[in-house]
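Engineer: Here you go, this is structure.txt (compact mmCIF, C-alpha atoms and all ligand atoms).
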```
# COMPACT_ATOMS: atom_id res chain seq x y z
CA MET O 81 8.64 15.68 15.87
CA TRP O 82 7.03 15.13 12.52
CA ILE O 83 8.51 15.68 9.08
CA TYR O 84 6.15 16.67 6.28
CA GLU O 85 6.40 14.91 2.97
CA LYS O 86 5.11 16.77 -0.09
CA LYS O 87 2.98 13.90 -1.38
CA LEU O 88 -0.20 12.03 -0.45
CA GLU O 89 0.02 8.50 0.94
CA TYR O 90 -2.35 7.35 -1.82
CA PRO O 91 -3.31 9.19 -5.02
CA ILE O 92 -6.71 10.86 -5.39
CA LYS O 93 -8.80 10.72 -8.56
CA VAL O 94 -11.67 13.16 -8.63
CA CYS O 95 -13.60 12.90 -11.92
CA SER O 96 -15.85 15.95 -11.56
CA THR O 97 -17.12 18.70 -9.25
CA ASN O 98 -19.54 17.06 -6.84
CA PRO O 99 -20.49 19.07 -3.71
CA LYS O 100 -23.12 16.46 -2.83
CA LEU O 101 -20.40 13.83 -2.39
CA ALA O 102 -18.14 16.33 -0.56
CA LYS O 103 -20.94 16.90 1.93
CA VAL O 104 -20.90 13.29 3.10
CA ILE O 105 -17.20 12.49 2.73
CA ILE O 106 -16.35 15.41 5.04
CA THR O 107 -17.53 13.26 7.95
CA GLN O 108 -14.29 11.29 7.63
CA TYR O 109 -12.48 14.61 8.11
CA GLY O 110 -14.27 15.93 11.20
CA GLY O 111 -16.90 13.36 12.15
CA PRO O 112 -17.01 10.97 15.13
CA ASP O 113 -15.29 8.12 13.30
CA GLY O 114 -13.16 10.31 11.05
CA GLU O 115 -9.44 10.63 10.55
CA LEU O 116 -8.90 13.66 12.83
CA ALA O 117 -10.44 11.72 15.72
CA ALA O 118 -8.42 8.63 14.82
CA SER O 119 -5.05 10.39 14.65
CA LEU O 120 -5.58 12.43 17.81
CA ARG O 121 -6.89 9.41 19.72
CA TYR O 122 -3.86 7.23 19.01
CA LEU O 123 -1.29 9.99 19.29
CA THR O 124 -2.58 11.02 22.70
CA GLN O 125 -2.99 7.47 24.02
CA ARG O 126 0.57 6.52 23.09
CA TYR O 127 2.12 8.32 26.09
CA THR O 128 0.70 5.84 28.60
CA MET O 129 1.31 2.62 26.66
CA PRO O 130 3.47 0.26 28.74
CA THR O 131 5.80 -1.36 26.17
CA GLY O 132 7.96 -0.36 23.24
CA ARG O 133 5.74 -2.29 20.85
CA SER O 134 2.48 -0.74 21.98
CA LYS O 135 4.01 2.75 21.91
CA ALA O 136 5.25 2.10 18.36
CA VAL O 137 1.87 0.85 17.12
CA LEU O 138 -0.02 3.83 18.53
CA ASN O 139 2.62 6.27 17.28
CA ASP O 140 2.80 4.82 13.78
CA ILE O 141 -0.90 4.23 13.17
CA GLY O 142 -1.62 7.69 14.62
CA THR O 143 0.84 9.13 12.14
CA GLU O 144 -0.67 7.19 9.23
CA GLU O 145 -4.10 8.56 10.21
CA LEU O 146 -2.74 12.09 9.75
CA ALA O 147 -1.92 11.09 6.17
CA HIS O 148 -5.47 9.73 5.78
CA MET O 149 -6.88 13.01 7.07
CA GLU O 150 -4.94 14.75 4.31
CA ILE O 151 -6.32 12.35 1.69
CA VAL O 152 -9.92 12.91 2.84
CA ALA O 153 -9.34 16.69 2.87
CA SER O 154 -7.91 16.50 -0.65
CA LEU O 155 -11.00 14.63 -1.86
CA VAL O 156 -13.36 17.18 -0.32
CA TYR O 157 -11.28 20.11 -1.56
CA ASN O 158 -11.32 18.87 -5.16
CA LEU O 159 -14.99 17.89 -5.10
CA ILE O 160 -16.08 21.34 -3.93
CA LYS O 161 -13.50 23.87 -5.16
CA ASP O 162 -15.21 24.62 -8.49
CA ALA O 163 -18.82 24.31 -7.31
CA THR O 164 -21.06 27.28 -8.07
CA VAL O 165 -23.14 28.90 -5.34
CA GLU O 166 -26.21 27.49 -7.12
CA GLN O 167 -24.81 23.94 -6.83
CA ILE O 168 -23.88 24.53 -3.20
CA LYS O 169 -27.41 25.70 -2.43
CA ALA O 170 -28.94 22.79 -4.32
CA VAL O 171 -27.17 20.19 -2.15
CA GLY O 172 -27.91 21.96 1.12
CA LEU O 173 -24.39 23.18 1.78
CA ASP O 174 -25.51 26.82 2.03
CA GLY O 175 -25.16 26.81 5.83
CA TYR O 176 -21.62 25.44 5.51
CA PHE O 177 -20.87 28.01 2.78
CA ALA O 178 -22.01 30.86 5.05
CA ASP O 179 -19.45 29.83 7.67
CA HIS O 180 -16.58 28.49 5.57
CA ASP O 181 -17.07 29.27 1.86
CA ARG O 182 -15.38 26.26 0.16
CA ALA O 183 -12.71 25.91 2.86
CA LEU O 184 -12.07 22.76 4.86
CA TYR O 185 -13.55 22.57 8.35
CA PHE O 186 -13.93 19.73 10.83
CA VAL O 187 -17.62 18.77 10.70
CA ASN O 188 -19.58 15.55 10.35
CA GLY O 189 -22.00 14.73 7.52
CA SER O 190 -24.71 16.82 9.17
CA GLY O 191 -22.49 19.86 9.69
CA VAL O 192 -21.87 19.31 13.42
CA PRO O 193 -18.36 20.48 14.43
CA TRP O 194 -15.75 18.07 15.80
CA VAL O 195 -15.61 17.67 19.59
CA ALA O 196 -12.93 16.10 21.79
CA SER O 197 -15.52 13.82 23.38
CA TYR O 198 -15.41 11.72 20.19
CA ILE O 199 -12.23 10.25 21.63
CA GLN O 200 -11.09 8.84 24.94
CA SER O 201 -7.72 8.40 26.62
CA LYS O 202 -8.23 6.28 29.67
CA GLY O 203 -4.75 5.52 30.98
CA ASP O 204 -5.57 1.81 31.02
CA PRO O 205 -3.86 0.32 27.95
CA ILE O 206 -6.30 -2.62 27.69
CA THR O 207 -9.25 -0.21 27.77
CA ASP O 208 -7.62 2.08 25.19
CA LEU O 209 -6.85 -0.80 22.82
CA HIS O 210 -10.49 -1.92 22.95
CA GLU O 211 -11.57 1.62 22.05
CA ASP O 212 -9.06 1.67 19.20
CA MET O 213 -10.29 -1.62 17.74
CA ALA O 214 -13.88 -0.41 17.92
CA ALA O 215 -12.84 2.88 16.30
CA GLU O 216 -11.29 1.02 13.35
CA GLN O 217 -14.49 -0.98 12.85
CA LYS O 218 -16.61 2.17 12.99
CA ALA O 219 -14.37 3.86 10.43
CA ARG O 220 -14.58 0.76 8.20
CA SER O 221 -18.40 0.86 8.35
CA THR O 222 -18.41 4.57 7.54
CA TYR O 223 -16.23 4.01 4.47
CA GLU O 224 -18.61 1.25 3.37
CA TYR O 225 -21.57 3.66 3.61
CA LEU O 226 -19.60 6.33 1.73
CA ILE O 227 -18.76 3.81 -1.02
CA GLN O 228 -22.50 3.13 -1.36
CA LEU O 229 -23.13 6.89 -1.63
CA SER O 230 -20.31 7.60 -4.09
CA ASP O 231 -21.19 8.18 -7.76
CA ASP O 232 -17.59 9.02 -8.72
CA PRO O 233 -15.59 5.88 -9.63
CA GLY O 234 -12.26 7.65 -9.02
CA VAL O 235 -13.30 8.74 -5.53
CA THR O 236 -14.69 5.25 -4.82
CA GLU O 237 -11.27 3.76 -5.53
CA THR O 238 -9.60 5.93 -2.88
CA LEU O 239 -12.44 5.23 -0.41
CA ARG O 240 -11.90 1.49 -0.93
CA TRP O 241 -8.23 1.88 -0.14
CA LEU O 242 -9.00 3.89 3.01
CA ARG O 243 -11.46 1.17 4.07
CA GLU O 244 -8.76 -1.47 3.67
CA ARG O 245 -6.43 0.51 5.91
CA GLU O 246 -9.01 0.33 8.72
CA VAL O 247 -9.02 -3.47 8.37
CA VAL O 248 -5.21 -3.57 8.65
CA HIS O 249 -5.17 -1.19 11.62
CA TYR O 250 -7.78 -3.33 13.38
CA GLN O 251 -5.53 -6.36 12.87
CA ARG O 252 -2.44 -4.56 14.25
CA PHE O 253 -4.39 -3.29 17.30
CA GLY O 254 -5.72 -6.81 17.89
CA GLU O 255 -2.17 -8.17 17.88
CA THR O 256 -1.16 -5.37 20.25
CA LEU O 257 -4.00 -6.29 22.62
CA GLU O 258 -2.79 -9.91 22.68
CA HIS O 259 0.72 -8.65 23.34
CA LEU O 260 -0.53 -6.56 26.27
CA TYR O 261 -2.41 -9.52 27.76
CA ASP O 262 0.87 -11.44 27.63
CA HIS O 263 2.70 -8.47 29.10
CA TYR O 264 0.33 -8.35 32.07
CA GLY O 265 0.21 -12.15 32.35
CA LYS O 266 -3.59 -12.20 32.18
CA ASN O 267 -5.60 -14.90 30.45
CA HIS O 268 -7.81 -14.03 27.51
CA TYR O 269 -11.09 -15.42 28.78
CA PHE O 270 -14.11 -13.26 29.29
CA ILE O 271 -14.91 -14.21 32.91
CA MET O 272 -17.14 -12.01 35.01
CA GLU O 273 -15.88 -12.11 38.59
CA ARG O 274 -18.62 -12.61 41.19
CA MET K 45 1.79 18.27 -13.73
CA ASP K 46 3.18 16.21 -16.62
CA ARG K 47 2.69 12.47 -17.01
CA GLU K 48 6.30 11.56 -16.38
CA ARG K 49 6.35 13.37 -13.04
CA LYS K 50 3.02 11.84 -12.01
CA GLN K 51 4.32 8.39 -12.88
CA LEU K 52 7.45 8.79 -10.77
CA LEU K 53 5.39 10.18 -7.89
CA MET K 54 3.06 7.15 -8.13
CA MET K 55 6.07 4.82 -7.96
CA ILE K 56 7.26 6.61 -4.82
CA MET K 57 3.77 6.34 -3.30
CA ALA K 58 3.65 2.61 -4.02
CA GLU K 59 7.10 1.97 -2.57
CA GLU K 60 6.49 4.09 0.50
CA PHE K 61 3.14 2.44 1.11
CA THR K 62 4.94 -0.91 1.05
CA ALA K 63 7.32 0.51 3.65
CA VAL K 64 4.41 1.68 5.84
CA GLU K 65 2.81 -1.77 5.67
CA PHE K 66 6.06 -3.52 6.65
CA ASN K 67 6.62 -0.92 9.38
CA LEU K 68 3.24 -1.59 11.03
CA TYR K 69 3.64 -5.34 10.62
CA LEU K 70 7.12 -5.24 12.16
CA ASP K 71 5.79 -3.24 15.12
CA THR K 72 3.82 -6.33 16.15
CA HIS K 73 6.25 -8.92 14.68
CA PRO K 74 9.72 -7.51 15.48
CA ASP K 75 11.32 -10.99 15.23
CA ASP K 76 10.19 -11.70 11.65
CA ARG K 77 13.54 -11.70 9.85
CA LYS K 78 12.05 -12.18 6.37
CA ALA K 79 9.76 -9.16 6.79
CA LEU K 80 12.65 -7.11 8.10
CA ASP K 81 14.77 -8.01 5.05
CA ASP K 82 11.88 -6.98 2.80
CA TYR K 83 11.51 -3.72 4.73
CA ASN K 84 15.20 -2.93 4.33
CA GLN K 85 15.06 -3.68 0.59
CA THR K 86 12.05 -1.37 0.28
CA VAL K 87 13.89 1.41 2.12
CA LYS K 88 16.72 1.17 -0.40
CA ARG K 89 14.48 1.29 -3.47
CA LEU K 90 12.44 4.13 -1.96
CA ALA K 91 15.55 6.23 -1.26
CA GLU K 92 16.68 5.78 -4.88
CA LEU K 93 13.31 6.82 -6.28
CA LYS K 94 13.13 9.85 -4.01
CA GLN K 95 16.60 10.96 -4.99
CA GLN K 96 15.65 10.69 -8.65
CA TYR K 97 12.46 12.72 -8.10
CA GLU K 98 14.05 15.41 -5.93
CA LYS K 99 16.86 16.02 -8.40
CA LYS K 100 14.29 16.96 -11.03
CA TYR K 101 11.37 18.41 -9.12
CA GLY K 102 12.73 19.71 -5.83
CA PRO K 103 12.59 18.45 -2.24
CA LEU K 104 9.88 16.09 -0.99
CA THR K 105 10.82 16.95 2.60
CA ASN K 106 12.17 20.05 4.32
CA PHE K 107 13.58 20.71 7.81
CA GLY K 108 17.08 19.74 6.78
CA TYR K 109 16.44 16.39 5.12
CA VAL K 110 17.19 17.43 1.55
CA PRO K 111 19.25 20.34 0.18
CA SER K 112 17.57 22.79 -2.21
CA GLU K 113 18.70 24.57 -5.35
CA TYR K 114 18.39 28.36 -5.58
CA PRO K 115 15.83 29.79 -5.15
CA TRP K 116 14.34 27.78 -2.21
CA ARG K 117 12.33 25.16 -4.09
CA TRP K 118 10.11 24.05 -1.20
CA VAL K 119 7.56 26.78 -1.98
CA GLU K 120 6.96 25.53 -5.53
CA GLU K 121 3.50 24.39 -6.48
CA PRO K 122 1.66 22.09 -6.79
CA TRP K 123 1.03 20.97 -3.23
CA PRO K 124 -0.18 17.39 -2.74
CA TRP K 125 -3.91 18.21 -2.54
CA GLU K 126 -3.67 20.02 -5.89
CA ILE K 127 -2.61 16.91 -7.81
CA ASN K 128 -5.57 15.06 -9.30
CA PHE K 129 -4.63 11.67 -10.73
CA ALA K 130 -7.96 11.26 -12.60
FE FE C 1 -7.35 3.59 10.85
```
Represent the structure of the file as structure tokens.
Ligand SMILES: [Fe+2]
Structural biologist:
Amino acid sequence: MWIYEKKLEYPIKVCSTNPKLAKVIITQYGGPDGELAASLRYLTQRYTMPTGRSKAVLNDIGTEELAHMEIVASLVYNLIKDATVEQIKAVGLDGYFADHDRALYFVNGSGVPWVASYIQSKGDPITDLHEDMAAEQKARSTYEYLIQLSDDPGVTETLRWLREREVVHYQRFGETLEHLYDHYGKNHYFIMER
Amino acid sequence: MDRERKQLLMMIMAEEFTAVEFNLYLDTHPDDRKALDDYNQTVKRLAELKQQYEKKYGPLTNFGYVPSEYPWRWVEEPWPWEINFA
């Protein structure tokens, strides 16, 4: 089971109301490379990992991603909560407003709702680890684009921290992949069999 | 939320983040004794900080982890997403 802790993993600093920034950051809430996808991907893949270590890594990174989802949601919530309808219309969030007011919903930067096909669970631990490493790189890239788009220095600081976490997760998944190769007694070379 | 409370909460965040980092590292390096010692030290400091915070501001966790004063303090605001550190 999970125990909730009444704190964020990392503090948020939102300097001012900024629905334009909320509109793009929400993709890390419900987009293809966002934190919902990340947490659900790892937490569902963990069941078919073959070793204690690989189960732990998937379980623990999946759990940390839930905390990142909460951080992203907190950013969006604070960026949009005091926005006027005029501001919301001006940044093109009127369609979102019609469906959700200023509430949180799982969509990407273009308003497309989250779908389960963003993630895979293949039952082959080597295949799943490759997906996970790619997912961490995609999330890192997304945070880099969001940092370029951010005009709020406080928000940028939290985005930088979230980006760093993707780098660390990539490293841990890479080590887990090596561990699985050892576990299966396979070599690491990329040889195409004829 | 007053400055003193924010400061203590920040210290807890820092210590717990250290614990998370050691946790993930230890998952792939379970034989690293030095890292394990550091993790255990962090756990101790974190528990002390949490105890200090919870005594003043109520439980950080529910489901039987921490007792509560009367009336049930878990429902007290602010919730984490309502705390802006700007
Ligand atoms: Fe991640």
Engineer: 9 Å from ligand FE 1 (chain C) is the threshold here; counting only C-alpha atoms and all ligand atoms, which polymer residues fall inside it? Answer as JSON, numbers by chain.
Structural biologist: {"O": [114, 115, 118, 119, 141, 142, 144, 145, 148, 212, 215, 216, 217, 219, 220, 242, 243, 244, 245, 246, 247, 248, 249, 250]}
Engineer: For a quick test of understanding: name the residues of chain K lying within 8 Å of chain O when counting all atoms listed in the file, and present them as JSON, numbers by chain.
Structural biologist: {"K": [53, 54, 57, 58, 60, 61, 68, 69, 71, 72, 103, 104, 105, 106, 107, 123, 124, 125, 126, 127, 128, 129, 130]}
Engineer: Save out the residues we just selected, C-alpha atoms, as a compact mmCIF listing (two decimals), in the coordinates of the input.
Structural biologist:
```
# COMPACT_ATOMS: atom_id res chain seq x y z
CA LEU K 53 5.39 10.18 -7.89
CA MET K 54 3.06 7.15 -8.13
CA MET K 57 3.77 6.34 -3.30
CA ALA K 58 3.65 2.61 -4.02
CA GLU K 60 6.49 4.09 0.50
CA PHE K 61 3.14 2.44 1.11
CA LEU K 68 3.24 -1.59 11.03
CA TYR K 69 3.64 -5.34 10.62
CA ASP K 71 5.79 -3.24 15.12
CA THR K 72 3.82 -6.33 16.15
CA PRO K 103 12.59 18.45 -2.24
CA LEU K 104 9.88 16.09 -0.99
CA THR K 105 10.82 16.95 2.60
CA ASN K 106 12.17 20.05 4.32
CA PHE K 107 13.58 20.71 7.81
CA TRP K 123 1.03 20.97 -3.23
CA PRO K 124 -0.18 17.39 -2.74
CA TRP K 125 -3.91 18.21 -2.54
CA GLU K 126 -3.67 20.02 -5.89
CA ILE K 127 -2.61 16.91 -7.81
CA ASN K 128 -5.57 15.06 -9.30
CA PHE K 129 -4.63 11.67 -10.73
CA ALA K 130 -7.96 11.26 -12.60
```
Engineer: Between CA of His263 in chain O and CA of Leu120 in chain O, what distance in Å does the model show, to one decimal?
Structural biologist: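 Interatomic distance here is 25.2 Å.
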Engineer: Given the choices K:Val119, K:Ile56, K:His73, K:Tyr83, which gets closest to Gln95 in chain K if the distance is worked out from all atoms listed in the file?
Structural biologist: K:Ile56
Engineer: Applying 8 Å and all atoms listed in the file, which residues near range 176-184 of chain O remain after dropping the ones on its own chain fewer than 2 positions away? List them as a VMD selection string.
Structural biologist: chain O and resid 153 156 to 157 160 to 161 168 173 to 174 186 191
Engineer: Report, in Å with one decimal, the straight-line distance from CA of Gly102 in chain K to CA of Asn84 in chain K.
Structural biologist: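 Calculated distance between CA of Gly102 in chain K and CA of Asn84 in chain K is 24.9 Å.
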Engineer: State, in Å with one decimal place, the distance from CA of Gln200 in chain O to CA of Arg121 in chain O.
Structural biologist: 6.7 Å
Engineer: When distances are computed from all atoms listed in the file, which of K:Ala91, K:Ala79, K:Met45, K:Ala63 shows the smallest separation from Glu121 in chain K?
Structural biologist: K:Met45
Engineer: Counting all atoms listed in the file, what is within 12 Å of Lys100 in chain O, bar same-chain residues fewer than 6 positions away, as a list in words?
Structural biologist: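 Counting only the stated atoms, we get Ile106, Val156, Leu159, Ile160, Ala163, Gln167, Ile168, Lys169, Ala170, Val171, Gly172, Leu173, Asp174, Gly189, Leu226, Leu229, Ser230, Asp231 and Asp232 of chain O.
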